[in-house]
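Structure file my_file.txt; described as compact mmCIF, C-alpha atoms.
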```
# COMPACT_ATOMS: atom_id res chain seq x y z
CA MET A 1 15.64 14.48 66.05
CA ALA A 2 17.44 12.80 63.13
CA GLY A 3 16.66 9.12 62.87
CA ALA A 4 13.60 9.33 65.14
CA VAL A 5 10.74 6.95 64.37
CA PRO A 6 7.83 8.91 62.82
CA PRO A 7 4.64 8.96 64.89
CA LEU A 8 1.78 6.70 63.87
CA SER A 9 -0.98 8.33 61.82
CA VAL A 10 -3.98 6.24 60.80
CA HIS A 11 -6.60 7.05 58.16
CA LEU A 12 -9.46 4.60 57.70
CA VAL A 13 -11.21 4.69 54.33
CA ARG A 14 -14.37 2.87 53.37
CA HIS A 15 -14.32 1.48 49.84
CA ALA A 16 -16.06 3.49 47.13
CA GLN A 17 -19.56 2.74 45.85
CA THR A 18 -20.03 -0.77 44.50
CA THR A 19 -22.68 -2.46 42.40
CA ALA A 20 -24.03 -3.98 45.63
CA ASN A 21 -24.31 -0.54 47.22
CA ALA A 22 -26.26 0.52 44.12
CA GLY A 23 -28.76 -2.31 44.69
CA GLU A 24 -27.59 -4.72 42.01
CA VAL A 25 -27.39 -8.49 42.32
CA THR A 26 -23.91 -9.61 43.37
CA PRO A 27 -22.74 -13.13 42.49
CA ASN A 28 -19.76 -13.21 44.86
CA HIS A 29 -19.34 -11.19 48.06
CA ALA A 30 -15.56 -11.02 47.69
CA ASP A 31 -15.44 -9.93 44.03
CA ILE A 32 -17.92 -7.04 43.91
CA ARG A 33 -16.93 -4.28 41.49
CA LEU A 34 -17.06 -0.51 41.77
CA THR A 35 -19.68 1.51 39.90
CA ALA A 36 -18.74 4.45 37.67
CA LEU A 37 -19.47 6.71 40.64
CA GLY A 38 -17.28 4.49 42.81
CA GLU A 39 -14.38 4.88 40.38
CA GLN A 40 -14.75 8.67 40.62
CA GLN A 41 -14.83 8.45 44.43
CA ALA A 42 -11.61 6.38 44.37
CA LEU A 43 -9.89 9.11 42.36
CA GLN A 44 -11.13 11.76 44.81
CA ILE A 45 -9.81 9.84 47.80
CA ALA A 46 -6.29 9.92 46.37
CA THR A 47 -6.44 13.73 46.24
CA LYS A 48 -7.89 14.17 49.74
CA LEU A 49 -5.07 12.52 51.66
CA ALA A 50 -2.94 15.34 53.08
CA GLN A 51 0.14 13.17 53.69
CA ALA A 52 1.80 10.59 51.50
CA PRO A 53 1.17 7.11 52.96
CA ASP A 54 4.03 4.93 54.11
CA LEU A 55 1.80 1.86 54.28
CA ILE A 56 -1.44 1.15 52.40
CA VAL A 57 -3.55 -1.67 53.81
CA VAL A 58 -6.34 -3.37 51.85
CA SER A 59 -8.65 -6.26 52.61
CA PRO A 60 -8.73 -9.46 50.52
CA PHE A 61 -11.95 -8.23 48.86
CA ARG A 62 -11.61 -6.74 45.38
CA ARG A 63 -13.50 -3.51 46.12
CA THR A 64 -10.89 -2.25 48.58
CA LEU A 65 -7.98 -2.81 46.18
CA ASP A 66 -9.93 -1.14 43.36
CA THR A 67 -10.65 1.82 45.65
CA ALA A 68 -7.02 2.03 46.72
CA GLY A 69 -5.77 1.84 43.11
CA PRO A 70 -5.49 5.58 42.44
CA THR A 71 -3.80 6.16 45.81
CA ILE A 72 -1.32 3.35 45.14
CA HIS A 73 -0.61 4.82 41.71
CA ALA A 74 -0.09 8.30 43.18
CA HIS A 75 2.29 7.03 45.86
CA PRO A 76 4.44 4.25 44.35
CA GLN A 77 6.86 4.44 47.28
CA ALA A 78 4.20 3.20 49.71
CA ILE A 79 4.20 -0.41 50.87
CA VAL A 80 0.94 -2.21 50.03
CA GLU A 81 -0.22 -5.08 52.25
CA THR A 82 -3.33 -7.25 52.38
CA TRP A 83 -4.64 -7.83 55.92
CA PRO A 84 -7.61 -9.95 57.08
CA ILE A 85 -9.92 -6.96 57.50
CA GLU A 86 -12.65 -8.11 55.14
CA GLU A 87 -16.26 -7.20 55.83
CA PHE A 88 -18.25 -8.92 58.58
CA THR A 89 -19.60 -11.94 56.70
CA TYR A 90 -22.45 -13.08 58.93
CA LEU A 91 -24.62 -14.59 56.17
CA ALA A 92 -23.48 -17.86 54.60
CA PRO A 93 -22.27 -17.16 51.04
CA ALA A 94 -24.33 -20.10 49.75
CA ARG A 95 -27.46 -18.15 50.70
CA ALA A 96 -26.25 -14.62 50.04
CA ASN A 97 -24.40 -14.94 46.73
CA GLY A 98 -26.49 -14.06 43.69
CA THR A 99 -28.87 -11.81 45.64
CA SER A 100 -29.50 -8.10 45.94
CA ALA A 101 -29.61 -6.11 49.18
CA ALA A 102 -33.41 -6.11 49.00
CA GLU A 103 -33.50 -9.90 48.66
CA ARG A 104 -31.12 -10.31 51.60
CA LYS A 105 -33.14 -8.02 53.86
CA PRO A 106 -35.27 -10.79 55.50
CA MET A 107 -32.14 -12.90 56.17
CA VAL A 108 -30.36 -9.89 57.66
CA ALA A 109 -33.32 -9.08 59.89
CA LYS A 110 -33.52 -12.66 61.15
CA TYR A 111 -29.80 -12.74 61.96
CA TRP A 112 -29.92 -9.57 64.06
CA GLN A 113 -33.17 -10.58 65.76
CA ARG A 114 -31.40 -13.73 66.93
CA ALA A 115 -28.54 -11.58 68.33
CA ASP A 116 -26.44 -14.61 69.30
CA PRO A 117 -22.73 -13.66 69.30
CA THR A 118 -21.67 -17.30 68.86
CA PHE A 119 -24.08 -18.17 66.01
CA VAL A 120 -22.56 -19.13 62.64
CA ASP A 121 -25.00 -19.00 59.72
CA GLY A 122 -23.21 -21.64 57.67
CA GLU A 123 -20.02 -22.49 55.80
CA GLY A 124 -18.02 -19.37 54.97
CA ALA A 125 -19.84 -17.22 57.55
CA GLU A 126 -18.41 -15.99 60.85
CA SER A 127 -19.84 -15.34 64.27
CA PHE A 128 -19.85 -11.95 65.95
CA VAL A 129 -17.27 -13.36 68.39
CA HIS A 130 -14.90 -14.13 65.52
CA PHE A 131 -15.55 -10.71 64.00
CA VAL A 132 -14.54 -9.01 67.25
CA ASP A 133 -11.42 -11.20 67.42
CA ARG A 134 -10.45 -9.82 63.99
CA LEU A 135 -11.05 -6.27 65.20
CA ARG A 136 -8.77 -6.84 68.20
CA ALA A 137 -6.08 -8.41 65.99
CA PHE A 138 -6.28 -5.44 63.63
CA HIS A 139 -5.80 -3.06 66.56
CA HIS A 140 -2.71 -4.94 67.75
CA ARG A 141 -1.20 -5.04 64.26
CA LEU A 142 -1.88 -1.35 63.62
CA TRP A 143 -0.25 -0.43 66.95
CA GLN A 144 2.97 -2.06 65.79
CA GLN A 145 3.27 0.25 62.76
CA ASP A 146 4.74 3.73 62.44
CA GLY A 147 4.44 6.52 59.91
CA ASN A 148 1.34 7.30 57.88
CA VAL A 149 -0.95 4.27 57.46
CA VAL A 150 -3.99 4.38 55.18
CA VAL A 151 -6.44 1.50 55.54
CA PHE A 152 -8.99 0.73 52.81
CA GLY A 153 -11.71 -1.29 54.47
CA HIS A 154 -15.43 -1.93 54.78
CA GLY A 155 -18.32 -0.16 56.43
CA GLN A 156 -19.18 -2.60 59.21
CA PHE A 157 -15.57 -3.45 59.93
CA LEU A 158 -14.56 0.20 60.24
CA ARG A 159 -17.60 1.07 62.35
CA GLY A 160 -16.89 -1.92 64.60
CA PHE A 161 -13.29 -0.79 64.97
CA THR A 162 -14.08 2.82 65.85
CA LEU A 163 -16.76 1.68 68.28
CA GLY A 164 -14.31 -0.76 69.84
CA LEU A 165 -11.72 1.97 70.33
CA ALA A 166 -14.32 4.03 72.17
CA ARG A 167 -16.13 1.30 74.15
CA GLY A 168 -13.83 -1.72 74.22
CA PHE A 169 -13.77 -4.74 71.93
CA ALA A 170 -16.54 -6.75 73.59
CA ASP A 171 -18.21 -9.81 72.07
CA THR A 172 -21.29 -10.06 74.33
CA ARG A 173 -24.92 -9.95 73.20
CA LYS A 174 -25.16 -6.42 74.60
CA ALA A 175 -22.13 -5.33 72.59
CA MET A 176 -23.51 -7.02 69.48
CA LEU A 177 -26.79 -5.11 69.70
CA ARG A 178 -24.92 -1.87 70.44
CA PHE A 179 -22.82 -2.43 67.32
CA ARG A 180 -25.92 -3.00 65.20
CA ARG A 181 -27.55 0.19 66.46
CA SER A 182 -24.39 2.18 65.78
CA GLU A 183 -23.69 0.87 62.28
CA THR A 184 -27.29 1.36 61.14
CA ALA A 185 -27.75 4.81 62.74
CA ASP A 186 -24.33 6.12 61.69
CA PRO A 187 -22.98 4.02 58.80
CA VAL A 188 -19.59 4.77 57.32
CA ARG A 189 -20.23 6.28 53.89
CA ASN A 190 -18.64 5.05 50.67
CA GLY A 191 -15.32 6.86 50.30
CA GLN A 192 -15.47 8.35 53.79
CA ILE A 193 -12.10 9.00 55.45
CA ILE A 194 -11.84 8.66 59.24
CA VAL A 195 -8.77 9.78 61.17
CA VAL A 196 -8.31 7.81 64.39
CA SER A 197 -6.03 8.07 67.39
CA LEU A 198 -4.99 4.74 68.83
CA SER A 199 -4.57 3.83 72.48
CA PRO A 200 -2.30 0.90 73.36
CA PRO A 201 -4.20 -2.39 73.04
CA ASP A 202 -3.73 -3.18 76.74
CA GLU A 203 -5.58 0.05 77.58
CA VAL A 204 -8.65 -0.92 75.54
CA ASP A 205 -10.58 -3.41 77.67
CA ARG A 206 -13.12 -5.95 76.51
CA GLY A 207 -15.91 -3.46 77.15
CA ARG A 208 -19.28 -3.96 78.66
```
Can I see the file as structure tokens?
Amino acid sequence: MAGAVPPLSVHLVRHAQTTANAGEVTPNHADIRLTALGEQQALQIATKLAQAPDLIVVSPFRRTLDTAGPTIHAHPQAIVETWPIEEFTYLAPARANGTSAAERKPMVAKYWQRADPTFVDGEGAESFVHFVDRLRAFHHRLWQQDGNVVVFGHGQFLRGFTLGLARGFADTRKAMLRFRRSETADPVRNGQIIVVSLSPPDEVDRGR
């Protein structure tokens, strides 16, 4: 019907490979750059999208905008917005900045062994409870859109969102451990595109 609102289509895209993914030391979690392979992956993403996006969403972190760059260039008519969908920052930047993934491994293990949804590691870090609040807010904001939306995000955030759609956006210890098992057993790959179908937010409960 002429003038009808187009249905909502959502593609979630994890950012392309970064220097951190390649094992290098990263001075600032928010300003990590793509590798040469990552730049190639970003170009490939732009060619894989079957439909032109109406809205392109990126996080405040540089790697998502750099990954989205070729898609933005290919579709200049698309609206580009920055949403608070940055990666789950559970380690305090003061401890994590200037380290490699291998150097952070003991800190990561200690955090997940604690498995306290309310724990905040330090200034600039967030609790699992706050992370889940951001996932819920993202769901609500997405539901208000229409047309073809392409979201360039981060591995843990996107895995948390897809898990929340399936199991509910819960912030309990049980849900926290379930999330950790899921994102380590089935991580979202660099450059991976996930097509999701959304249910209304009031139909997605807080989970178990």
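Here CA of Thr64 (chain A) stands at a distance of 5.2 Å from CA of His15 (chain A).
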Counting only C-alpha atoms, which residues of region 27-130 of chain A fall within 12 Å of region 177-200 of chain A, and what is the closest atom pair for each with its distance in Å at one decimal, ordered by chain and rising number, as a tab-separated table?
```
residue	atom	partner	partner_atom	distance
A:Leu34	CA	A:Asn190	CA	10.6
A:Thr35	CA	A:Asn190	CA	11.4
A:Leu37	CA	A:Asn190	CA	10.2
A:Gly38	CA	A:Asn190	CA	8.0
A:Glu39	CA	A:Gly191	CA	10.2
A:Gln40	CA	A:Gly191	CA	9.9
A:Gln41	CA	A:Gly191	CA	6.1
A:Ala42	CA	A:Gly191	CA	7.0
A:Leu43	CA	A:Gly191	CA	9.9
A:Gln44	CA	A:Gly191	CA	8.5
A:Ile45	CA	A:Gly191	CA	6.7
A:Ala46	CA	A:Gly191	CA	10.3
A:Thr47	CA	A:Ile193	CA	11.8
A:Lys48	CA	A:Ile193	CA	8.8
A:Leu49	CA	A:Ile193	CA	8.7
A:Ala50	CA	A:Ile193	CA	11.4
A:Arg63	CA	A:Asn190	CA	11.0
A:Thr64	CA	A:Gly191	CA	10.3
A:Asp66	CA	A:Gly191	CA	11.9
A:Thr67	CA	A:Gly191	CA	8.3
A:Ala68	CA	A:Gly191	CA	10.2
A:Phe88	CA	A:Arg180	CA	11.7
A:Val108	CA	A:Arg180	CA	11.1
A:Ala109	CA	A:Arg180	CA	11.0
A:Tyr111	CA	A:Arg180	CA	11.0
A:Trp112	CA	A:Arg180	CA	7.8
A:Gln113	CA	A:Leu177	CA	9.3
A:Arg114	CA	A:Leu177	CA	10.2
A:Ala115	CA	A:Leu177	CA	6.8
A:Asp116	CA	A:Leu177	CA	9.5
A:Pro117	CA	A:Leu177	CA	9.5
A:Phe128	CA	A:Phe179	CA	10.1
```
Leaving out Thr99 (chain A) and any residue of its chain fewer than 5 positions from it, which residues lie within 12 Å of it when counting all atoms listed in the file, given as an MDAnalysis selection string? chainID A and resid 19:20 23:29 91 93:94 104:107
Write out as a Markdown table a residue-level contact list of region 58-84 of chain A versus region 139-147 of chain A with cut-off 12 Å: for each qualifying residue the closest pair of atoms and the distance in Å to one decimal, counting only C-alpha atoms, rows sorted by chain and residue number upward.
```
| residue | atom | partner | partner_atom | distance |
| --- | --- | --- | --- | --- |
| A:Ala78 | CA | A:Gly147 | CA | 10.7 |
| A:Ile79 | CA | A:Gly147 | CA | 11.4 |
| A:Trp83 | CA | A:Arg141 | CA | 9.4 |
| A:Pro84 | CA | A:Arg141 | CA | 10.8 |
```
Residues as selected, C-alpha atoms, written as a tab-separated table (two decimals), keeping the file's coordinate frame, can you do that?
```tsv
chain	number	residue	atom	x	y	z
A	78	ALA	CA	4.20	3.20	49.71
A	79	ILE	CA	4.20	-0.41	50.87
A	83	TRP	CA	-4.64	-7.83	55.92
A	84	PRO	CA	-7.61	-9.95	57.08
```
Would you please work out which residue, of A:Ala22, A:Ile56, A:Leu8, A:Ala102, is nearest to Pro70 (chain A) when using all atoms listed in the file? A:Ile56
Using all atoms listed in the file, collect all residues at a distance of at most 10 Å from (-6.4, 4.3, 57.7) as written in the file, then present them as a ChimeraX atom specification. /A:9-14,53,55-58,142,148-153,158,193-196
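The space between CA of Phe131 (chain A) and CA of Pro7 (chain A) spans 28.2 Å.
Of the residues under consideration (A:Ala101, A:Ala96, A:Leu135, A:Ile85), A:Ala96 shows the shortest atom-to-atom contact distance to Asp121 (chain A) when counting only C-alpha atoms.
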Could you list, as a ChimeraX atom specification, every residue within 7 Å of Tyr90 (chain A), counting all atoms listed in the file and ignoring same-chain residues fewer than 5 positions away? /A:121,125-127
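Nearest to Pro76 (chain A) of all the residues A:Phe169, A:Phe161, A:Ala52, A:Asn97 is A:Ala52, based on only C-alpha atoms.
Taking all atoms listed in the file into account, Asp133 (chain A) lies nearest to A:Gly160 out of the set A:Pro60, A:Gly155, A:Gly160, A:Gly98.
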Once you add 3 Å to each side, what are the centre and edge lengths of the axis-aligned box holding all listed atoms of region 35-52 of chain A? One decimal in Å, as JSON, if you can.
```
{"center_x": -8.9, "center_y": 8.4, "center_z": 45.7, "size_x": 27.5, "size_y": 19.8, "size_z": 22.0}
```
In Å to one decimal, how far is CA of Gly124 (chain A) from CA of Thr89 (chain A)? 7.8 Å
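The shortest atom-to-atom distance to Thr118 (chain A), with all atoms listed in the file taken into account, belongs to A:Thr172 out of A:Thr172, A:Gln17, A:Ser59, A:Ser100.
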For Glu87 (chain A), please output as a PyMOL selection string all residues within 7 Å (counting only C-alpha atoms; exclusion window: fewer than 6 positions along the same chain). chain A and resi 154+156-157
